[in-house]
4 protein chains.
Amino acid sequence: MKRLTFEPEHEQFRDSVIKFMQAEVAPHVERFHQQGMVDRELFLKAGEQGLLCTWADEKYGGAGIDDFRFEQIIIEENMRHGDIGFYINLHNDLVAPYIAKLGTDEQKARWMPGIVCGEKILAIAMTEPSTGSDLAGIRTRAEDKGDHWLLNGAKTYISNGILSDLVVVAARTDPESRYGIGLFVVERGMEGFERGRKLDKMGMKAQDTAELFFNDVKVPKANVLGDPSQGFGYLARFLAQERLVASIGFMATAQTAFDITLQYVKERRAFGKPIGAFQNTRFKMATMRAELDMAQTYVDQCVLLLNAGQLAAEDASAAKLLTSELEARVMDECVQLHGGAGYMTEYRICRMYTDARISRIFAGTSEIMREIIGRSLGLDERKLS
Amino acid sequence: MKRLTFEPEHEQFRDSVIKFMQAEVAPHVERFHQQGMVDRELFLKAGEQGLLCTWADEKYGGAGIDDFRFEQIIIEENMRHGDIGFYINLHNDLVAPYIAKLGTDEQKARWMPGIVCGEKILAIAMTEPSTGSDLAGIRTRAEDKGDHWLLNGAKTYISNGILSDLVVVAARTDPESRYGIGLFVVERGMEGFERGRKLDKMGMKAQDTAELFFNDVKVPKANVLGDPSQGFGYLARFLAQERLVASIGFMATAQTAFDITLQYVKERRAFGKPIGAFQNTRFKMATMRAELDMAQTYVDQCVLLLNAGQLAAEDASAAKLLTSELEARVMDECVQLHGGAGYMTEYRICRMYTDARISRIFAGTSEIMREIIGRSLGLDERKLS
Amino acid sequence: MKRLTFEPEHEQFRDSVIKFMQAEVAPHVERFHQQGMVDRELFLKAGEQGLLCTWADEKYGGAGIDDFRFEQIIIEENMRHGDIGFYINLHNDLVAPYIAKLGTDEQKARWMPGIVCGEKILAIAMTEPSTGSDLAGIRTRAEDKGDHWLLNGAKTYISNGILSDLVVVAARTDPESRYGIGLFVVERGMEGFERGRKLDKMGMKAQDTAELFFNDVKVPKANVLGDPSQGFGYLARFLAQERLVASIGFMATAQTAFDITLQYVKERRAFGKPIGAFQNTRFKMATMRAELDMAQTYVDQCVLLLNAGQLAAEDASAAKLLTSELEARVMDECVQLHGGAGYMTEYRICRMYTDARISRIFAGTSEIMREIIGRSLGLDERKLS
Amino acid sequence: MKRLTFEPEHEQFRDSVIKFMQAEVAPHVERFHQQGMVDRELFLKAGEQGLLCTWADEKYGGAGIDDFRFEQIIIEENMRHGDIGFYINLHNDLVAPYIAKLGTDEQKARWMPGIVCGEKILAIAMTEPSTGSDLAGIRTRAEDKGDHWLLNGAKTYISNGILSDLVVVAARTDPESRYGIGLFVVERGMEGFERGRKLDKMGMKAQDTAELFFNDVKVPKANVLGDPSQGFGYLARFLAQERLVASIGFMATAQTAFDITLQYVKERRAFGKPIGAFQNTRFKMATMRAELDMAQTYVDQCVLLLNAGQLAAEDASAAKLLTSELEARVMDECVQLHGGAGYMTEYRICRMYTDARISRIFAGTSEIMREIIGRSLGLDERKLS
Ligand SMILES: Cc1cc2nc3c(=O)[nH]c(=O)nc-3n(C[C@H](O)[C@H](O)[C@H](O)COP(=O)(O)OP(=O)(O)OC[C@H]3O[C@@H](n4cnc5c(N)ncnc54)[C@H](O)[C@@H]3O)c2cc1C
Ligand SMILES: Cc1cc2nc3c(=O)[nH]c(=O)nc-3n(C[C@H](O)[C@H](O)[C@H](O)COP(=O)(O)OP(=O)(O)OC[C@H]3O[C@@H](n4cnc5c(N)ncnc54)[C@H](O)[C@@H]3O)c2cc1C
Ligand SMILES: Cc1cc2nc3c(=O)[nH]c(=O)nc-3n(C[C@H](O)[C@H](O)[C@H](O)COP(=O)(O)OP(=O)(O)OC[C@H]3O[C@@H](n4cnc5c(N)ncnc54)[C@H](O)[C@@H]3O)c2cc1C
Ligand SMILES: Cc1cc2nc3c(=O)[nH]c(=O)nc-3n(C[C@H](O)[C@H](O)[C@H](O)COP(=O)(O)OP(=O)(O)OC[C@H]3O[C@@H](n4cnc5c(N)ncnc54)[C@H](O)[C@@H]3O)c2cc1C
């Protein structure tokens, strides 16, 4: 189905993003995969091109565009023409908003320009070895030492873990309260802040995921985001956007996989005809096409709702849940339709398949999404009895 | 998710439709089920209330409203507060358009007023005992006898078969050509036009489905719709709207089943708590909620496209395919969540389940939908080789 | 796959059962459906033919055959050539064992002969309006009045509810303990024992399901089965067999539906060929064939384990869970492959579809099966923490 | 469910196989993965231990055991305690039988001893860059040059491609006939026989998969297996065993994944309890347990049928189809239940997931399995019309 939410100015922007991805990402993908992460310079180039935080205030170098469709386009074209390893959306849409929306003027002045020009790469560190879904279970501690906070703990599975210059770290500030959590900006080079191993993953080979360690890191008070007891609420507040961002990406990879496969089944032959001529193939492609259109319509609608400040948490969770499940089905079918080639790394679909397995796990697992939606229906285990 | 395509005037109209359904349909549902069809008078009442063909020209008694959302509302509220057996959408949106769009001024003047006021109930007869999906395989013959056409053949599974006053009949006009088909309006009382049995169905007990027989029926030339060799093309032309109409209905029944079940799982208790408190229940309800929202967004978007004259056949097929499959999943889960009660006719969900089994079969089976979408992707068995 | 567990003597027995079903059940199915239950005489005829409780002791008129494959054959052929409404397996395998295994010699002498000859039709009443899955939640009370027990309460969804002469009723004997339940044999004609409505169901139209009421019924002490405080344990003990019995039936109906449909897709034509020639059809039939073979092998193996006294509760639950889910998929596909005919009551597949919807609900819902299997894995919510 | 087909002598053998895998494979898995294949010596060690072709005649060094359960055990324990990269079953059960069953006494005397002791590693080369499923579409040509055959062509996706000493190559011997194919044993070192790249795959990192090229290879007549025009029939003849062998492996990996995950969900905690205590987890584990038991029963039964020489091709195809689909579901669920850890290569489940994606593709894709089963039902596209 023709997409309906974009205007000519978006399409123009899309063209420029495509060009950027084709020129600056695509030719290096193989190398990025080998080195396990993208080049730092890529962020600088993206900054130059105006692709970092299009929404950021002009005084920080941004374009001040209050229309998430531009960010959507960046995500989509990075997935299609760039590489999922270039985690530009984490930078733009998942972490920068914490600073832009919770930060003081001083903090913003200090960090936003670097963020927008790509000098300061961002990460956010919530997950720990012993807790992920259950954010309130984190053990990393921040103790108030008067003029600074003393940070101790370990984080894991942190995206942009090695590349990042600024890390928003969630830490327990009140050992008594399950929800007493604060957000701290830890900067590259702070004493006691160590990066662990770059973790070896099933897919997303160019995306840098690492362990981080904090041993008596003195975080200046000036590096606290908002109220140090309200971190849990802050995290919850940004979740709708985060999940929509994830969904946008899942749709883009799924659509790309579909296109690649449509091409493939028209060309690959067996038993005297293109495999696309078998009814089984046609039916599978048709079903995917229908499901992709339906899901895309929903996601595009969610983007408009986000623009209007009306995207409910449960609707974003629904988007995240369903698009990640759809992406998984699509990847699986597309590999299958490739036959043996689908199992060979040299075929893009092979990599996309392993890349995609993460989607139902991070940014809140499918199970957690169901919990959230269930609660919005009044089906809250803790309240029903 | 809040629905986004309705304006205040639609909501006002919705209220009046709800009132109509609650007053004129709901109290009689049990009797309609017993008698195997609704009362003829119901169409008259709907006509009076302005619920028949809101789009029809004012000169025929219609409201001339060129906005399909009003029809959508009628379908939705009939499903929720009325009964699926009241096949008002067949009349309004599936058959009347043939007359309104293909009919001559004379034909429209002759039939539209009765259609709009509910005096003339409509049906369309394509399917035959030996052919359904394969419309081009019909055997009913119309022979050109100079001043009339001589109609011979049998139709089956015809909705409003017993109630109908005007039946649009597809018949082969050119025995040589697979696609040489014409559309004929057969009127109640024409000699040689017989109704067969009212067929006994799995569900939709108040919906009248019958066999029709045509034995040497002389159909006046004035009763031919358009060009008698172009019927196949005409049928194809109206299909997008027909499939969207079907989808609207499926969504409405699915949403209703969901609501009934949400209520039920909050009230029904087992092992000391509402069954809605079990994680399995919560997850199933959450998944349905998400899927319903996504599908509804798509269908609502399709209605806007239809309004704009831009709904592609394959998009309507996608809607029909996916909403009928979703409806089926929802009905199945909802029965399951009702436990033994779900199997008892006195519970509405029990009837909704059997009603819904038809959705993947009529108005084009799921398999035929996949064929159509597949073809739009260039995956046409007949062309690929 | 050829079935491997039957010997020639079983096949011979199978032939005689088929003849019985064809002669005594098949010709009356339509009437049974109309009257909402089978004729009482059918049980007598089955008794005469030696089809009631083949396992029962010869002194009670049984054949004393300690090989459940004979019972399996009766169930299978009733499903295929008879009618699911003839609930002979409830009588033979679900209720009679309570009397045969828990009953005293006196009780057996009193009841077994009538059970084996078909004079005394059996039912078991556990479920109540407010509790089904949660058996320990029943409210029917039995008070010890010295020489008798005073029974008060209501049961619902009781199979053979109207026909039955002897009803095994579960009732709470200890109001203090959640598990203090006894089993009482209530006999036709006892004062205060009333039958309620025959319930109208989605399917199984010839199977009699009713409400039962007990108002101050004086149940003689001689009618208590075993220890009146141990009923919960007794019920649990027979469950493995009950679930296997259910599975045997589900497989038989699913296999029958498959066979009917295989025939249909070879005969029904569309687009110039049998619909069985479409790849989609072939693939669906092939998948069903494979799944049926796999499930049948498992069930047949379970029967041998039951014979050997080694069928674990969780394995029987697994059989019940998977065969009912498979039956549901098969029925759904088979209806779909019938097109419009699948929705018409005159086609057997239509009725089989609605019959089968109960399978995932009664004899323990799929959810309860999962609980049981989960617990056998050490995943017990109440114990893990 | 307790498995029922093994005797004490099998269990004893199983113990010894486990010890072998733990001692000779497990400690080297990491290295094997790194080097992209196992050590050649591993085959020698397996030979010494008597694990190569237990069925082979004693005169060639085998144990002459005509009971496939021993081979089943080797496959199972290699999957559990060894590594899927050690493709011992290809050697033992997929390729060696061609030589043992089609070979002349001279050929067997020449090759079997080396095969049984592990000096000669085997491969079979059917697939080509442009054809896989459609075996009859191969282009590799063998021309009869009087005293030798001249072999030209290219093969791809060949397992043990680099390691192999003897490769059974399918080549077209009759350019006129679609089925005129012969089987040729190409030996390491023959002139014109080149190995291409070791292919980089999604998973099975220690399994060697390569391209092979044949440029004017002179294959002596003494290296032809059977009748050089009957290769197609030969390949078909061995397929039942090949597919069962595959199924045995899929079940073993799926069972292992299940066990790993059961352990994990009991230990990993979230929200104050083991994640195994959540109903969603319990239900998923329970469903897997049930499905695994059912499928294992079927596979074990198929092994007995193979022993009895009665395993039908379609039953083996059913096993291959369903066990590979089950394995896929199990792997997917198990990764999901691991959360983020499931995406990290250091967790075994992560690797098992990517290993398993091949199962529905090689040894005949799921689509081809459905074709075969469909045909056995009389649903043959080419015959129905
Ligand atoms: C590639 C990658 C990148 C990541 N990037 C980041 C990052 O940048 N920053 C960051 O902070 N984190 C990051 N994460 C961590 C990610 O958010 C967590 O992995 C995820 O939230 C799941 O947490 P977990 O791994 O601890 O799984 P667990 O919470 O241990 O969950 C294990 C399983 O239990 C289930 N489960 C948990 N609770 C329930 C429940 N109540 N009911 C039912 N089931 C339940 C889960 O759904 C899952 O299936 C990343 C992870 C990966 C793999
Ligand atoms: C309650 C009800 C109301 C109806 N109302 C009307 C009405 O008002 N007017 C009217 O004209 N008709 C009506 N119909 C008929 C309905 O449109 C047809 O039943 C439907 O189109 C399917 O046709 P069929 O029943 O002949 O099935 P078939 O065409 O015989 O199909 C049988 C099966 O084969 C499959 N199949 C067919 N072709 C292919 C293919 N190429 N590839 C793969 N699979 C294929 C189908 O999907 C189906 O699963 C009604 C039917 C019902 C049940
Ligand atoms: C045709 C028919 C014949 C019957 N025959 C008999 C008979 O002869 N004798 C007799 O005693 N009974 C009989 N029954 C009753 C039958 O056994 C019950 O209907 C069944 O056990 C379910 O109980 P319920 O209807 O109370 O459902 P509920 O227990 O109310 O269950 C409602 C829903 O909640 C789910 N649920 C319940 N507990 C949990 C949990 N812990 N976790 C997750 N989900 C849960 C259920 O799975 C179901 O989906 C019959 C029922 C029918 C429909
Ligand atoms: C790791 C690995 C190891 C292998 N080892 C060996 C080996 O040792 N020796 C060897 O000879 N080969 C080997 N193969 C090849 C393997 O057998 C083939 O990949 C497989 O048979 C599929 O063939 P293909 O890749 O050409 O897919 P294709 O035949 O091109 O199939 C592509 C898609 O079309 C579908 N398709 C094809 N025909 C039909 C149809 N009629 N109807 C519907 N759909 C259809 C397929 O199911 C698949 O989804 C191996 C492959 C891999 C990946």
# chains A, B, ... in the order shown; residues from 1 in each chain; ligands from 1
call {"tool": "interface_residues", "arguments": {"of": "chain C", "to": "chain A", "cutoff": "10 Å", "atoms": "only C-alpha atoms", "output": "PyMOL selection string"}}
result
chain C and resi 278-283
call {"tool": "residues_near_ligand", "arguments": {"ligand": "ligand 1", "cutoff": "6 Å", "atoms": "only C-alpha atoms and all ligand atoms", "output": "ChimeraX atom specification"}}
result
/A:124-127,131-134,157-159,361-365,367-368 /D:270,275,278,280,336-341,343
call {"tool": "residues_around", "arguments": {"residues": "Ile18 in chain D", "least_positions_apart": "2", "cutoff": "9 Å", "atoms": "only C-alpha atoms", "output": "count of residues only"}}
result
14
call {"tool": "residues_around", "arguments": {"residues": "range 135-146 of chain A", "least_positions_apart": "5", "cutoff": "12 Å", "atoms": "only C-alpha atoms", "output": "NGL selection string"}}
result
(:A and (125-130 or 151-156 or 169-186 or 212-221 or 224 or 228-233 or 235-236 or 363-364 or 368)) or (:D and (269-273))
call {"tool": "select_by_dssp", "arguments": {"residues": "range 198-375 of chain A", "states": "helix (DSSP H, G or I)", "output": "MDAnalysis selection string"}}
result
chainID A and resid 221:223 231:267 275:277 279:307 313:343 348:356 366:375
call {"tool": "select_by_dssp", "arguments": {"residues": "range 122-246 of chain B", "states": "strand (DSSP E)", "output": "JSON, numbers by chain"}}
result
{"B": [122, 123, 124, 125, 141, 142, 143, 144, 148, 149, 150, 151, 152, 153, 154, 155, 156, 157, 158, 159, 166, 167, 168, 169, 170, 171, 172, 181, 182, 183, 184, 185, 186, 187, 193, 194, 195, 196, 197, 198, 209, 210, 211, 212, 213, 214, 215, 216, 217, 218, 219, 220, 224, 225]}
call {"tool": "residues_around", "arguments": {"residues": "range 36-50 of chain A", "least_positions_apart": "2", "cutoff": "9 Å", "atoms": "only C-alpha atoms", "output": "NGL selection string"}}
result
:A and (16-17 or 20 or 24-25 or 28-29 or 31-34 or 52-54 or 61-63 or 85-88 or 115-121 or 160 or 162-163 or 198 or 200 or 204-209)
call {"tool": "write_last_selection", "arguments": {"atoms": "C-alpha atoms", "output": "short mmCIF file (atom, residue, chain, number, x, y, z; two decimals), in the first residue's frame"}}
result
data_model
loop_
_atom_site.label_atom_id
_atom_site.label_comp_id
_atom_site.auth_asym_id
_atom_site.auth_seq_id
_atom_site.Cartn_x
_atom_site.Cartn_y
_atom_site.Cartn_z
CA SER A 16 19.46 12.98 0.75
CA VAL A 17 19.54 10.42 3.53
CA PHE A 20 24.39 9.65 2.61
CA GLU A 24 29.17 6.79 3.81
CA VAL A 25 27.88 3.54 5.20
CA HIS A 28 32.23 0.17 4.60
CA VAL A 29 29.76 -2.32 5.92
CA ARG A 31 34.82 -3.55 7.35
CA PHE A 32 32.47 -2.40 10.09
CA HIS A 33 31.38 -5.99 10.54
CA GLN A 34 34.97 -7.12 10.76
CA LEU A 52 21.98 13.90 14.17
CA CYS A 53 19.02 15.01 16.25
CA THR A 54 17.13 16.95 13.59
CA GLY A 61 23.38 23.10 15.91
CA GLY A 62 20.15 21.21 15.32
CA ALA A 63 17.43 21.99 12.82
CA GLY A 85 25.25 -1.50 13.21
CA PHE A 86 25.25 2.24 12.78
CA TYR A 87 23.11 2.86 15.84
CA ILE A 88 22.22 6.41 14.95
CA ILE A 115 25.94 15.45 20.40
CA VAL A 116 24.53 17.25 17.40
CA CYS A 117 27.82 17.48 15.55
CA GLY A 118 28.72 13.87 16.32
CA GLU A 119 31.68 14.48 18.55
CA LYS A 120 29.99 13.01 21.54
CA ILE A 121 28.49 9.60 20.92
CA ASN A 160 27.57 1.91 21.69
CA ILE A 162 32.84 1.10 23.39
CA LEU A 163 32.22 4.10 21.14
CA LYS A 198 32.98 -6.05 23.29
CA ASP A 200 30.17 -11.32 20.56
CA MET A 204 24.36 -7.03 14.33
CA LYS A 205 28.04 -7.67 13.94
CA ALA A 206 28.83 -4.01 13.37
CA GLN A 207 26.94 -2.87 16.39
CA ASP A 208 29.08 -2.37 19.42
CA THR A 209 27.68 -3.97 22.59
#
call {"tool": "closest_residue", "arguments": {"among": "B:Ser317, B:Thr5, B:Gln255, B:Thr261", "to": "ligand 3", "atoms": "only C-alpha atoms and all ligand atoms"}}
result
B:Thr261
call {"tool": "closest_residue", "arguments": {"among": "C:Lys320, C:Arg351, C:Lys201, C:Lys383", "to": "ligand 3", "atoms": "only C-alpha atoms and all ligand atoms"}}
result
C:Lys201
call {"tool": "residues_around", "arguments": {"residues": "range 353-360 of chain B", "least_positions_apart": "6", "cutoff": "9 Å", "atoms": "only C-alpha atoms", "output": "number ranges by chain"}}
result
B: 84, 202-205, 246-247, 250, 253-254, 257, 320-321, 323-325, 327-328, 330-332, 334-335, 342, 366-367; C: 202, 332, 335-336, 339-340, 342-343, 354
call {"tool": "atom_distance", "arguments": {"atom1": "CA of Ile373 in chain A", "atom2": "CA of Glu11 in chain B"}}
result
26.3 Å
call {"tool": "atom_distance", "arguments": {"atom1": "CA of Glu381 in chain A", "atom2": "CA of Arg370 in chain C"}}
result
19.5 Å
call {"tool": "residues_around", "arguments": {"residues": "Gly249 in chain B", "least_positions_apart": "4", "cutoff": "8 Å", "atoms": "only C-alpha atoms", "output": "PyMOL selection string"}}
result
chain B and resi 75-76+79+245+253
